[in-house]
$ cat start_39.txt   # compact mmCIF, C-alpha atoms
# COMPACT_ATOMS: atom_id res chain seq x y z
CA MET A 1 6.81 -33.92 -19.79
CA GLN A 2 9.84 -32.38 -21.46
CA ARG A 3 8.29 -32.87 -24.92
CA CYS A 4 5.03 -31.55 -23.59
CA ARG A 5 6.79 -28.38 -22.40
CA GLU A 6 8.27 -27.97 -25.85
CA GLY A 7 4.74 -27.78 -27.27
CA ASP A 8 4.28 -31.31 -28.64
CA PRO A 9 0.47 -31.95 -28.60
CA ALA A 10 0.94 -35.73 -28.96
CA ALA A 11 3.13 -35.77 -25.86
CA PHE A 12 0.43 -34.11 -23.79
CA ASP A 13 -2.12 -36.56 -25.12
CA ALA A 14 0.14 -39.48 -24.10
CA LEU A 15 0.69 -37.93 -20.69
CA VAL A 16 -3.05 -37.61 -20.09
CA ARG A 17 -3.63 -41.19 -21.20
CA ARG A 18 -0.94 -42.43 -18.79
CA TRP A 19 -2.11 -40.49 -15.74
CA GLU A 20 -5.84 -39.83 -16.08
CA ARG A 21 -6.93 -42.92 -14.15
CA PRO A 22 -4.61 -42.41 -11.17
CA VAL A 23 -5.70 -38.78 -11.09
CA ALA A 24 -9.36 -39.77 -11.20
CA ARG A 25 -8.74 -42.16 -8.32
CA ILE A 26 -7.02 -39.43 -6.29
CA LEU A 27 -9.89 -37.04 -6.97
CA ALA A 28 -12.48 -39.66 -6.11
CA SER A 29 -10.71 -40.58 -2.90
CA VAL A 30 -9.93 -37.09 -1.63
CA GLY A 31 -13.29 -35.77 -2.74
CA GLY A 32 -15.07 -39.08 -2.07
CA SER A 33 -17.02 -39.19 -5.31
CA SER A 34 -18.97 -42.29 -4.34
CA LEU A 35 -18.99 -41.21 -0.70
CA GLY A 36 -21.50 -38.44 -1.01
CA ALA A 37 -19.51 -35.66 -2.63
CA ALA A 38 -21.48 -33.69 -5.14
CA PHE A 39 -18.87 -33.09 -7.80
CA ASP A 40 -18.04 -34.89 -11.00
CA VAL A 41 -14.64 -36.61 -11.19
CA GLU A 42 -14.54 -36.13 -14.97
CA ASP A 43 -14.95 -32.39 -14.65
CA LEU A 44 -12.27 -32.26 -11.98
CA SER A 45 -9.90 -34.46 -14.04
CA GLN A 46 -10.35 -32.02 -16.88
CA GLU A 47 -9.51 -29.17 -14.51
CA VAL A 48 -6.43 -31.01 -13.20
CA PHE A 49 -4.95 -31.56 -16.66
CA LEU A 50 -5.83 -28.03 -17.71
CA ARG A 51 -3.82 -26.78 -14.73
CA VAL A 52 -1.00 -29.19 -15.64
CA PHE A 53 -0.95 -27.84 -19.19
CA ASN A 54 -0.95 -24.21 -18.05
CA ALA A 55 1.74 -24.88 -15.42
CA ARG A 56 3.91 -27.12 -17.62
CA ASN A 57 6.66 -24.51 -17.78
CA ARG A 58 6.80 -24.30 -13.99
CA TYR A 59 7.41 -28.03 -13.50
CA TYR A 60 10.89 -28.75 -12.14
CA ASN A 61 12.47 -31.78 -13.78
CA GLY A 62 14.26 -32.88 -10.62
CA SER A 63 11.06 -33.68 -8.72
CA ALA A 64 8.87 -36.74 -9.23
CA PHE A 65 6.19 -36.00 -11.82
CA SER A 66 3.60 -38.16 -10.05
CA THR A 67 4.03 -36.17 -6.81
CA TRP A 68 3.69 -32.87 -8.67
CA LEU A 69 0.61 -34.14 -10.54
CA TYR A 70 -1.06 -35.59 -7.43
CA ARG A 71 -0.49 -32.34 -5.54
CA ILE A 72 -2.35 -30.51 -8.27
CA ALA A 73 -5.13 -33.14 -8.09
CA VAL A 74 -5.37 -32.79 -4.30
CA ASN A 75 -5.58 -29.00 -4.64
CA VAL A 76 -8.34 -29.29 -7.24
CA ALA A 77 -10.24 -31.72 -4.97
CA ARG A 78 -9.80 -29.36 -1.99
CA ASP A 79 -11.20 -26.45 -4.00
CA ALA A 80 -14.15 -28.61 -5.07
CA ASN A 81 -14.76 -29.66 -1.45
CA ARG A 82 -14.80 -26.03 -0.35
CA ARG A 83 -17.26 -25.10 -3.08
CA ASN A 84 -19.35 -28.14 -2.14
CA ARG A 85 -19.40 -27.18 1.53
CA THR A 86 -20.55 -23.68 0.67
CA ARG A 87 -23.33 -25.07 -1.54
CA GLN A 88 -24.40 -27.52 1.18
CA ARG A 89 -24.58 -24.72 3.74
CA THR A 90 -26.79 -22.78 1.35
CA LEU A 91 -29.04 -25.80 0.79
CA GLU A 92 -29.23 -26.57 4.50
CA SER A 93 -30.30 -23.03 5.25
CA HIS A 94 -33.33 -23.61 2.98
CA ARG A 95 -34.06 -27.14 4.20
CA PRO A 96 -37.38 -27.67 6.06
CA ASP A 97 -37.37 -28.54 9.76
CA GLN A 98 -36.06 -32.11 10.05
CA SER A 99 -37.84 -32.72 13.32
CA VAL A 100 -40.98 -33.57 11.35
CA ILE A 101 -39.16 -36.28 9.35
CA PRO A 102 -39.40 -39.75 10.98
CA ASP A 103 -36.13 -41.03 12.41
CA GLU A 104 -35.18 -43.94 10.18
CA ALA A 105 -31.64 -44.43 11.49
CA ALA A 106 -32.58 -47.48 13.56
CA GLY A 107 -33.97 -49.28 10.55
CA ILE A 108 -31.06 -49.00 8.16
CA VAL A 109 -30.72 -52.29 6.37
CA GLY A 110 -29.98 -51.56 2.76
CA ARG A 111 -26.50 -51.17 1.27
CA GLN A 112 -27.35 -47.77 -0.17
CA GLU A 113 -28.28 -46.46 3.24
CA ILE A 114 -25.03 -47.77 4.75
CA GLU A 115 -23.05 -46.12 1.96
CA ASN A 116 -24.84 -42.85 2.58
CA GLU A 117 -24.06 -43.02 6.27
CA VAL A 118 -20.42 -43.89 5.61
CA ALA A 119 -20.18 -40.98 3.14
CA ALA A 120 -21.68 -38.60 5.70
CA ALA A 121 -19.34 -39.90 8.43
CA VAL A 122 -16.28 -39.43 6.15
CA GLN A 123 -17.39 -35.91 5.27
CA SER A 124 -17.65 -35.10 8.97
CA LEU A 125 -13.91 -35.78 9.47
CA PRO A 126 -11.52 -32.81 9.69
CA GLU A 127 -10.12 -32.03 6.22
CA LYS A 128 -6.48 -33.03 6.87
CA MET A 129 -7.54 -36.28 8.51
CA ARG A 130 -9.93 -37.08 5.68
CA GLU A 131 -7.34 -36.35 2.97
CA SER A 132 -4.74 -38.61 4.57
CA LEU A 133 -7.24 -41.43 5.11
CA MET A 134 -8.75 -41.31 1.63
CA LEU A 135 -5.42 -40.98 -0.18
CA LYS A 136 -4.08 -43.97 1.72
CA GLN A 137 -7.29 -45.99 1.52
CA PHE A 138 -8.05 -45.45 -2.16
CA GLY A 139 -5.00 -43.79 -3.70
CA GLU A 140 -2.99 -47.02 -3.96
CA MET A 141 0.04 -45.30 -2.46
CA THR A 142 2.43 -46.00 0.39
CA PHE A 143 2.46 -43.81 3.50
CA ALA A 144 5.69 -42.23 2.25
CA GLU A 145 4.09 -41.30 -1.09
CA VAL A 146 1.04 -39.80 0.61
CA ALA A 147 3.36 -37.83 2.89
CA GLN A 148 5.21 -36.48 -0.15
CA ILE A 149 2.02 -35.34 -1.85
CA LEU A 150 0.66 -33.68 1.28
CA ASP A 151 4.13 -32.33 2.12
CA VAL A 152 4.09 -33.64 5.71
CA PRO A 153 6.23 -36.26 7.56
CA THR A 154 5.33 -39.94 7.07
CA SER A 155 4.67 -40.36 10.80
CA THR A 156 2.09 -37.55 10.59
CA VAL A 157 0.22 -39.35 7.83
CA LYS A 158 0.21 -42.59 9.86
CA SER A 159 -1.13 -40.93 12.99
CA ARG A 160 -3.74 -39.02 10.98
CA VAL A 161 -5.00 -42.23 9.30
CA HIS A 162 -5.05 -44.08 12.62
CA ALA A 163 -7.02 -41.31 14.32
CA ALA A 164 -9.34 -40.93 11.30
CA LEU A 165 -10.33 -44.62 11.37
CA LEU A 166 -11.10 -44.55 15.09
CA ARG A 167 -13.08 -41.34 14.74
CA LEU A 168 -14.95 -42.72 11.73
CA ARG A 169 -15.97 -45.82 13.68
CA ALA A 170 -17.32 -43.73 16.55
CA GLU A 171 -19.24 -41.52 14.09
CA LEU A 172 -20.75 -44.58 12.35
CA GLN A 173 -21.88 -46.00 15.68
CA ARG A 174 -23.43 -42.65 16.53
CA ARG A 175 -25.29 -42.76 13.20
CA GLY A 176 -26.79 -46.14 14.05
CA VAL A 177 -24.73 -48.38 11.80
CA ASP A 178 -24.72 -51.72 13.65
CA GLN A 179 -21.53 -53.19 15.01
CA ALA A 180 -22.16 -56.28 12.86
CA GLU A 181 -22.17 -54.16 9.72
CA LEU A 182 -18.74 -52.84 10.62
CA LYS A 183 -17.30 -56.32 10.55
CA PRO A 184 -15.44 -57.07 7.34
CA MET B 1 6.36 -56.08 22.68
CA ASN B 2 4.22 -53.98 25.02
CA CYS B 3 1.14 -51.84 24.28
CA PRO B 4 2.90 -48.44 23.69
CA GLN B 5 5.21 -50.20 21.21
CA ALA B 6 2.38 -52.10 19.54
CA ARG B 7 -0.26 -49.39 18.95
CA PRO B 8 1.73 -47.20 16.48
CA LEU B 9 2.28 -50.32 14.34
CA PHE B 10 -1.45 -51.10 13.89
CA ILE B 11 -1.81 -48.77 10.95
CA GLU B 12 1.21 -50.23 9.12
CA LEU B 13 -0.10 -53.77 9.69
CA LEU B 14 -3.55 -52.73 8.46
CA TYR B 15 -2.20 -51.43 5.13
CA GLY B 16 0.41 -54.20 4.71
CA GLU B 17 3.46 -52.03 5.20
CA LEU B 18 4.86 -53.73 8.29
CA GLU B 19 7.96 -55.85 7.86
CA PRO B 20 7.46 -59.59 8.54
CA ALA B 21 9.44 -59.82 11.80
CA ARG B 22 7.56 -56.93 13.41
CA ARG B 23 4.30 -58.28 12.03
CA GLN B 24 4.81 -61.56 13.86
CA GLN B 25 5.68 -59.78 17.10
CA LEU B 26 2.56 -57.60 16.79
CA ARG B 27 0.32 -60.56 16.00
CA ALA B 28 1.68 -62.33 19.11
CA HIS B 29 0.93 -59.25 21.23
CA LEU B 30 -2.61 -59.02 19.88
CA GLU B 31 -3.22 -62.63 20.88
CA THR B 32 -2.50 -61.81 24.49
CA CYS B 33 -3.65 -58.18 24.95
CA GLU B 34 -7.41 -57.65 25.13
CA SER B 35 -7.21 -53.83 25.03
CA CYS B 36 -5.00 -53.73 21.94
CA ARG B 37 -7.10 -56.36 20.18
CA SER B 38 -10.24 -54.31 20.76
CA GLU B 39 -8.66 -51.24 19.13
CA TRP B 40 -7.25 -53.36 16.29
CA ASP B 41 -10.71 -54.85 15.63
CA SER B 42 -12.19 -51.37 15.40
CA LEU B 43 -9.53 -50.25 12.91
CA GLU B 44 -9.87 -53.39 10.82
CA ALA B 45 -13.68 -53.23 10.75
CA THR B 46 -13.76 -49.58 9.64
CA HIS B 47 -11.04 -50.20 7.05
CA GLY B 48 -13.02 -53.15 5.71
CA LEU B 49 -16.25 -51.16 5.57
CA LEU B 50 -14.53 -48.36 3.61
CA ASN B 51 -13.15 -50.92 1.19
CA SER B 52 -16.58 -52.50 0.74
CA VAL B 53 -18.06 -49.09 -0.09
CA GLY B 54 -15.07 -48.07 -2.20
CA VAL B 55 -14.79 -45.13 -4.54
CA THR B 56 -15.77 -44.91 -8.16
CA THR B 57 -14.09 -42.52 -10.55
CA GLY B 58 -17.31 -41.93 -12.47
CA ASN B 59 -15.98 -43.75 -15.53
CA ASP B 60 -14.62 -47.17 -14.77
CA ASP B 61 -15.02 -48.37 -18.33
CA ALA B 62 -11.59 -49.43 -19.58
CA ASN B 63 -12.28 -47.89 -22.98
CA GLY B 64 -13.67 -44.70 -21.54
CA ARG B 65 -11.62 -41.47 -21.37
CA PRO B 66 -12.30 -39.35 -18.30
CA VAL B 67 -10.23 -36.51 -19.79
CA ASP B 68 -10.90 -34.84 -23.12
CA VAL B 69 -7.52 -33.54 -24.33
CA GLY B 70 -9.09 -31.76 -27.26
CA ALA B 71 -11.31 -29.82 -24.90
CA ILE B 72 -8.24 -28.81 -22.86
CA HIS B 73 -6.48 -27.48 -25.97
CA GLN B 74 -9.69 -25.76 -26.97
CA THR B 75 -10.09 -24.21 -23.51
CA VAL B 76 -6.46 -23.04 -23.54
CA ALA B 77 -6.93 -21.56 -27.03
CA ILE B 78 -10.17 -19.83 -26.01
CA ARG B 79 -8.56 -18.44 -22.85
CA ALA B 80 -5.51 -17.28 -24.83
CA GLN B 81 -7.78 -15.64 -27.39
CA ALA B 82 -9.81 -13.99 -24.62
CA SER B 83 -6.58 -12.82 -23.01
CA ARG B 84 -5.35 -11.37 -26.31
CA ARG B 85 -8.73 -9.70 -26.80
CA ARG B 86 -8.51 -8.19 -23.32
CA TRP B 87 -5.02 -6.89 -24.05
CA ARG B 88 -6.13 -5.44 -27.39
CA ARG B 89 -9.11 -3.79 -25.72
CA ALA B 90 -6.90 -2.40 -22.96
CA ALA B 91 -4.39 -1.13 -25.55
CA LEU B 92 -7.23 0.49 -27.51
CA VAL B 93 -8.60 2.21 -24.40
CA VAL B 94 -5.15 3.41 -23.32
CA GLY B 95 -4.36 4.60 -26.88
CA THR B 96 -7.66 6.45 -27.11
CA ILE B 97 -7.10 8.16 -23.77
CA ALA B 98 -3.55 9.09 -24.80
CA ALA B 99 -4.78 10.47 -28.14
CA VAL B 100 -7.53 12.51 -26.46
CA LEU B 101 -5.04 13.91 -23.97
CA LEU B 102 -2.59 14.73 -26.74
CA ILE B 103 -5.26 16.52 -28.76
CA ALA B 104 -6.47 18.35 -25.68
CA VAL B 105 -2.97 19.47 -24.76
CA ALA B 106 -2.19 20.48 -28.34
CA GLY B 107 -5.47 22.37 -28.47
CA GLY B 108 -4.51 24.40 -25.45
CA LEU B 109 -6.14 22.53 -22.61
CA GLN B 110 -5.36 24.19 -19.33
CA LEU B 111 -5.82 22.18 -16.19
CA GLN B 112 -5.15 23.88 -12.89
CA ILE B 113 -5.55 21.90 -9.70
CA HIS B 114 -6.10 24.04 -6.62
CA PRO B 115 -6.65 22.86 -3.03
CA THR B 116 -10.38 23.63 -3.22
CA HIS B 117 -11.20 23.49 -6.95
CA ILE B 118 -10.01 22.42 -10.37
CA VAL B 119 -10.00 24.78 -13.32
CA VAL B 120 -10.24 23.36 -16.83
CA GLY B 121 -9.89 25.73 -19.73
CA PHE B 122 -9.01 25.91 -23.40
CA GLY B 123 -7.05 28.37 -25.45
CA GLU B 124 -3.72 30.12 -25.23
CA PRO B 125 -2.42 30.59 -21.72
CA GLU B 126 -2.61 34.12 -20.31
CA VAL B 127 0.46 36.20 -21.18
CA ARG B 128 2.01 37.70 -18.11
CA ARG B 129 3.05 41.36 -18.35
CA VAL B 130 6.69 41.53 -17.57
CA PRO B 131 8.18 44.94 -16.57
CA HIS B 132 10.25 46.54 -19.34
CA THR B 133 13.33 46.71 -17.21
CA ALA B 134 13.19 43.02 -16.71
CA MET B 135 12.94 42.54 -20.46
CA THR B 136 16.15 44.51 -21.31
CA PRO B 137 19.16 42.34 -21.35
CA PRO B 138 21.75 43.19 -18.71
CA PRO B 139 24.76 45.26 -20.01
CA ASP B 140 28.11 43.61 -20.06
CA LEU B 141 30.34 44.12 -17.02
CA HIS B 142 32.99 46.28 -18.68
CA SER B 143 30.53 48.87 -20.02
CA LEU B 144 28.75 48.84 -16.65
CA VAL B 145 32.01 49.68 -14.83
CA VAL B 146 32.85 52.41 -17.36
CA GLU B 147 29.38 53.87 -17.05
CA GLN B 148 29.53 53.88 -13.26
CA GLY B 149 33.02 55.50 -13.38
CA GLU B 150 31.70 58.28 -15.59
CA GLN B 151 28.75 58.85 -13.31
CA LEU B 152 31.09 59.05 -10.29
CA ALA B 153 33.31 61.56 -12.09
CA ARG B 154 30.29 63.72 -12.93
CA LEU B 155 29.12 63.52 -9.37
CA ASP B 156 32.57 64.52 -8.11
CA GLU B 157 32.64 67.49 -10.43
CA LEU B 158 29.24 68.61 -9.23
CA VAL B 159 30.38 68.38 -5.63
CA HIS B 160 33.46 70.43 -6.48
CA LEU B 161 31.38 73.12 -8.19
CA ALA B 162 28.91 73.24 -5.36
CA THR B 163 31.73 73.62 -2.84
CA ARG B 164 33.30 76.42 -4.80
CA GLU B 165 30.01 78.22 -5.22
CA LEU B 166 29.37 77.81 -1.56
CA LEU B 167 32.77 79.26 -0.67
CA THR B 168 32.28 82.14 -3.06
CA SER B 169 28.87 82.99 -1.71
CA ASP B 170 30.22 82.57 1.76
CA GLY B 171 32.99 85.11 1.04
CA GLN B 172 30.49 87.54 -0.40
CA ARG B 173 28.25 87.13 2.58
CA SER B 174 31.25 87.67 4.91
CA ALA B 175 32.09 90.86 3.10
CA GLN B 176 28.51 92.02 3.31
CA ILE B 177 28.46 91.25 7.01
CA GLU B 178 31.67 93.21 7.44
CA ASP B 179 30.17 96.16 5.61
CA LEU B 180 27.09 95.96 7.73
CA ARG B 181 29.17 95.83 10.85
CA ASP B 182 31.11 98.92 9.72
CA ALA B 183 27.87 100.66 8.94
CA VAL B 184 26.47 99.73 12.32
CA GLU B 185 29.61 100.95 14.09
CA MET B 186 29.56 104.14 12.12
CA ARG B 187 25.97 104.70 12.98
CA HIS B 188 26.67 103.83 16.56
CA ARG B 189 29.50 106.35 16.60
CA ARG B 190 27.37 108.99 15.00
CA THR B 191 24.59 108.30 17.43
CA GLN B 192 27.06 108.54 20.27
CA GLU B 193 28.31 111.80 18.91
CA GLN B 194 24.81 113.06 18.49
CA LEU B 195 24.04 111.93 22.02
CA ASN B 196 27.13 113.68 23.31
CA ALA B 197 26.23 116.76 21.37
CA LEU B 198 22.69 116.60 22.68
CA LYS B 199 24.04 116.10 26.18
CA VAL B 200 26.26 119.10 25.84
CA GLN B 201 23.37 121.08 24.49
CA SER B 202 21.18 119.73 27.24
CA ASP B 203 23.76 120.64 29.89
CA GLN B 204 24.10 124.06 28.42
CA ARG B 205 20.35 124.51 28.35
CA TRP B 206 20.10 123.18 31.91
CA ARG B 207 22.74 125.58 33.14
CA LEU B 208 21.06 128.37 31.29
CA THR B 209 17.74 127.41 32.68
CA LEU B 210 19.13 126.98 36.18
CA ASN B 211 20.93 130.26 35.90
CA GLU B 212 17.82 131.89 34.64
CA PHE B 213 15.84 130.28 37.43
CA SER B 214 18.41 131.37 40.08
CA ARG B 215 18.44 134.81 38.72
CA ILE B 216 14.74 134.94 38.71
CA ALA B 217 14.60 133.54 42.28
CA ALA B 218 17.27 135.89 43.46
CA ASP B 219 15.54 138.68 41.83
CA THR B 220 12.38 137.65 43.48
CA GLU B 221 14.01 137.12 46.96
CA LEU B 222 16.07 140.21 46.74
CA ALA B 223 13.17 141.96 45.63
CA ASP B 224 11.40 140.60 48.68
CA ALA B 225 14.46 141.08 50.98
CA GLY B 226 16.32 143.41 49.01
CA GLU B 227 19.33 141.09 48.34
CA THR B 228 21.26 140.01 45.12
CA PRO B 229 20.23 136.59 43.26
CA LEU B 230 22.52 133.39 43.14
CA GLN B 231 24.96 133.21 40.13
CA VAL B 232 25.72 129.78 38.30
CA ASP B 233 28.76 129.24 35.98
$ encode --input "start_39.txt" --output "structure tokens"
Amino acid sequence: MQRCREGDPAAFDALVRRWERPVARILASVGGSSLGAAFDVEDLSQEVFLRVFNARNRYYNGSAFSTWLYRIAVNVARDANRRNRTRQRTLESHRPDQSVIPDEAAGIVGRQEIENEVAAAVQSLPEKMRESLMLKQFGEMTFAEVAQILDVPTSTVKSRVHAALLRLRAELQRRGVDQAELKP
Amino acid sequence: MNCPQARPLFIELLYGELEPARRQQLRAHLETCESCRSEWDSLEATHGLLNSVGVTTGNDDANGRPVDVGAIHQTVAIRAQASRRRWRRAALVVGTIAAVLLIAVAGGLQLQIHPTHIVVGFGEPEVRRVPHTAMTPPPDLHSLVVEQGEQLARLDELVHLATRELLTSDGQRSAQIEDLRDAVEMRHRRTQEQLNALKVQSDQRWRLTLNEFSRIAADTELADAGETPLQVD
């Protein structure tokens, strides 16, 4: 990072190569790329490293680089989620009356349908709860690391993840996903 | 381990962050507590379902590159160029405005802002007529004092002359009054003398008349009675 700040293009290239996959995983987990979110992880990764490059002179050497980088990634994912919510509201306002569509929830059998329901249930979680759950579930980080990125106490992250899982289960049951399908 | 102690540890056990000794205690509690086991099963099932769905990063190919570094450098360069262009444009606009203002001011632009209207004009500003006295430079203090001293001396002399003339004329008028008084007294005396003379003459005439009248009456009475008339001195 020091060489990158001094304007070495090769250093920035090496930095991107080292961190692009963890960043993509953070973006995918917080945004839930395969869980129904409508944004592209590649575009967001590009945005994350663009912000890193522009903010390279503001990075403080004493702090962990991964924490600083993941915070930027979480912020980019949050912005994308907000934009996505706004777009969904706009689409929903133009959607035809769903009462005429047959209720197929009882007949969900395929994996794709289950994934769609899970994605919808995750998206229905409050933002802070969802971030903690997804970072922990898919970010390959300890509770302490997640707490550092979100800038909250470790105990808060644990209680948020615990509550998120229970709430998610109730939401899935409400959506008609069978109890048997919830078994590992 | 009881339920309030066990429940907060579920999440650490689920994600493999619980230390072995506590893990064994928790497992033992779950074997015996139906309520806790039910909640644990729910957590484990949901966790498992999330894992089975998973997340994809959109490019899981090991050789693939989610981030295009060249594009980042290009974007930064384009943004920097756009920023420079914006600054140049802003500088050009500000410079143009400054030049126009300078030319306008040099050309005699007059801008007057009043509470109800704004007056914009060109040309030389109106020359205000200043009274001549205000244009003359003030004399120096010494010559001013000398000048005032001379004026006071002239004024004093005038007062002196006026007083003297007044006294002179007053003396003349006093003399004239005195002459008039003498003349009046003389006339008064003459009049008195004339009156006295007239009185004497009048007395004499009266006596003569009275004597004449007495003589006539006596003559008449005597004539009637045959006696002599009254005699007056």
$ closest_residue --input "start_39.txt" --among "B:Asn211, B:Gln110, B:Ser174, B:Thr46" --to "chain A" --atoms "all atoms listed in the file"
B:Thr46
$ closest_residue --input "start_39.txt" --among "B:Ala28, B:Leu50, B:Ala99, B:Cys36" --to "chain A" --atoms "only C-alpha atoms"
B:Leu50
$ closest_residue --input "start_39.txt" --among "A:Glu145, A:Glu20, A:Asp151, A:Asp8" --to "Lys128 of chain A" --atoms "all atoms listed in the file"
A:Asp151
$ atom_distance --input "start_39.txt" --atom1 "atom CA of Glu185 of chain B" --atom2 "atom CA of Gln172 of chain B"
19.8 Å
$ closest_residue --input "start_39.txt" --among "B:Leu49, B:Ala175, B:Ile216, B:Leu26" --to "chain A" --atoms "all atoms listed in the file"
B:Leu49
$ atom_distance --input "start_39.txt" --atom1 "atom CA of Ala77 of chain A" --atom2 "atom CA of Thr156 of chain A"
20.7 Å
$ atom_distance --input "start_39.txt" --atom1 "atom CA of Thr154 of chain A" --atom2 "atom CA of Asp41 of chain B"
23.5 Å
$ closest_residue --input "start_39.txt" --among "A:Ala73, A:Val30, A:Val152, A:Ala10" --to "Met134 of chain A" --atoms "only C-alpha atoms"
A:Val30
$ residues_around --input "start_39.txt" --residues "Ala147 of chain A" --least-positions-apart "3" --cutoff "10 Å" --atoms "all atoms listed in the file" --output "list in words"
Thr67, Ser132, Leu135, Lys136, Met141, Thr142, Phe143, Ala144, Leu150, Asp151, Val152, Pro153, Thr154, Ser155, Thr156, Val157 and Lys158 of chain A
$ write_last_selection --input "start_39.txt" --atoms "C-alpha atoms" --output "CSV table (one decimal), keeping the file's coordinate frame"
chain,number,residue,atom,x,y,z
A,67,THR,CA,4.0,-36.2,-6.8
A,132,SER,CA,-4.7,-38.6,4.6
A,135,LEU,CA,-5.4,-41.0,-0.2
A,136,LYS,CA,-4.1,-44.0,1.7
A,141,MET,CA,0.0,-45.3,-2.5
A,142,THR,CA,2.4,-46.0,0.4
A,143,PHE,CA,2.5,-43.8,3.5
A,144,ALA,CA,5.7,-42.2,2.2
A,150,LEU,CA,0.7,-33.7,1.3
A,151,ASP,CA,4.1,-32.3,2.1
A,152,VAL,CA,4.1,-33.6,5.7
A,153,PRO,CA,6.2,-36.3,7.6
A,154,THR,CA,5.3,-39.9,7.1
A,155,SER,CA,4.7,-40.4,10.8
A,156,THR,CA,2.1,-37.6,10.6
A,157,VAL,CA,0.2,-39.4,7.8
A,158,LYS,CA,0.2,-42.6,9.9
$ residues_around --input "start_39.txt" --residues "Ile149 of chain A" --least-positions-apart "5" --cutoff "9 Å" --atoms "only C-alpha atoms" --output "compact mmCIF listing (two decimals) with C-alpha atoms, in the frame of the given file"
# COMPACT_ATOMS: atom_id res chain seq x y z
CA SER A 66 3.60 -38.16 -10.05
CA THR A 67 4.03 -36.17 -6.81
CA TRP A 68 3.69 -32.87 -8.67
CA LEU A 69 0.61 -34.14 -10.54
CA TYR A 70 -1.06 -35.59 -7.43
CA ARG A 71 -0.49 -32.34 -5.54
CA VAL A 74 -5.37 -32.79 -4.30
CA ALA A 144 5.69 -42.23 2.25
$ closest_residue --input "start_39.txt" --among "B:Thr75, B:Asn2, B:Thr32, B:Ser42" --to "His162 of chain A" --atoms "all atoms listed in the file"
B:Ser42
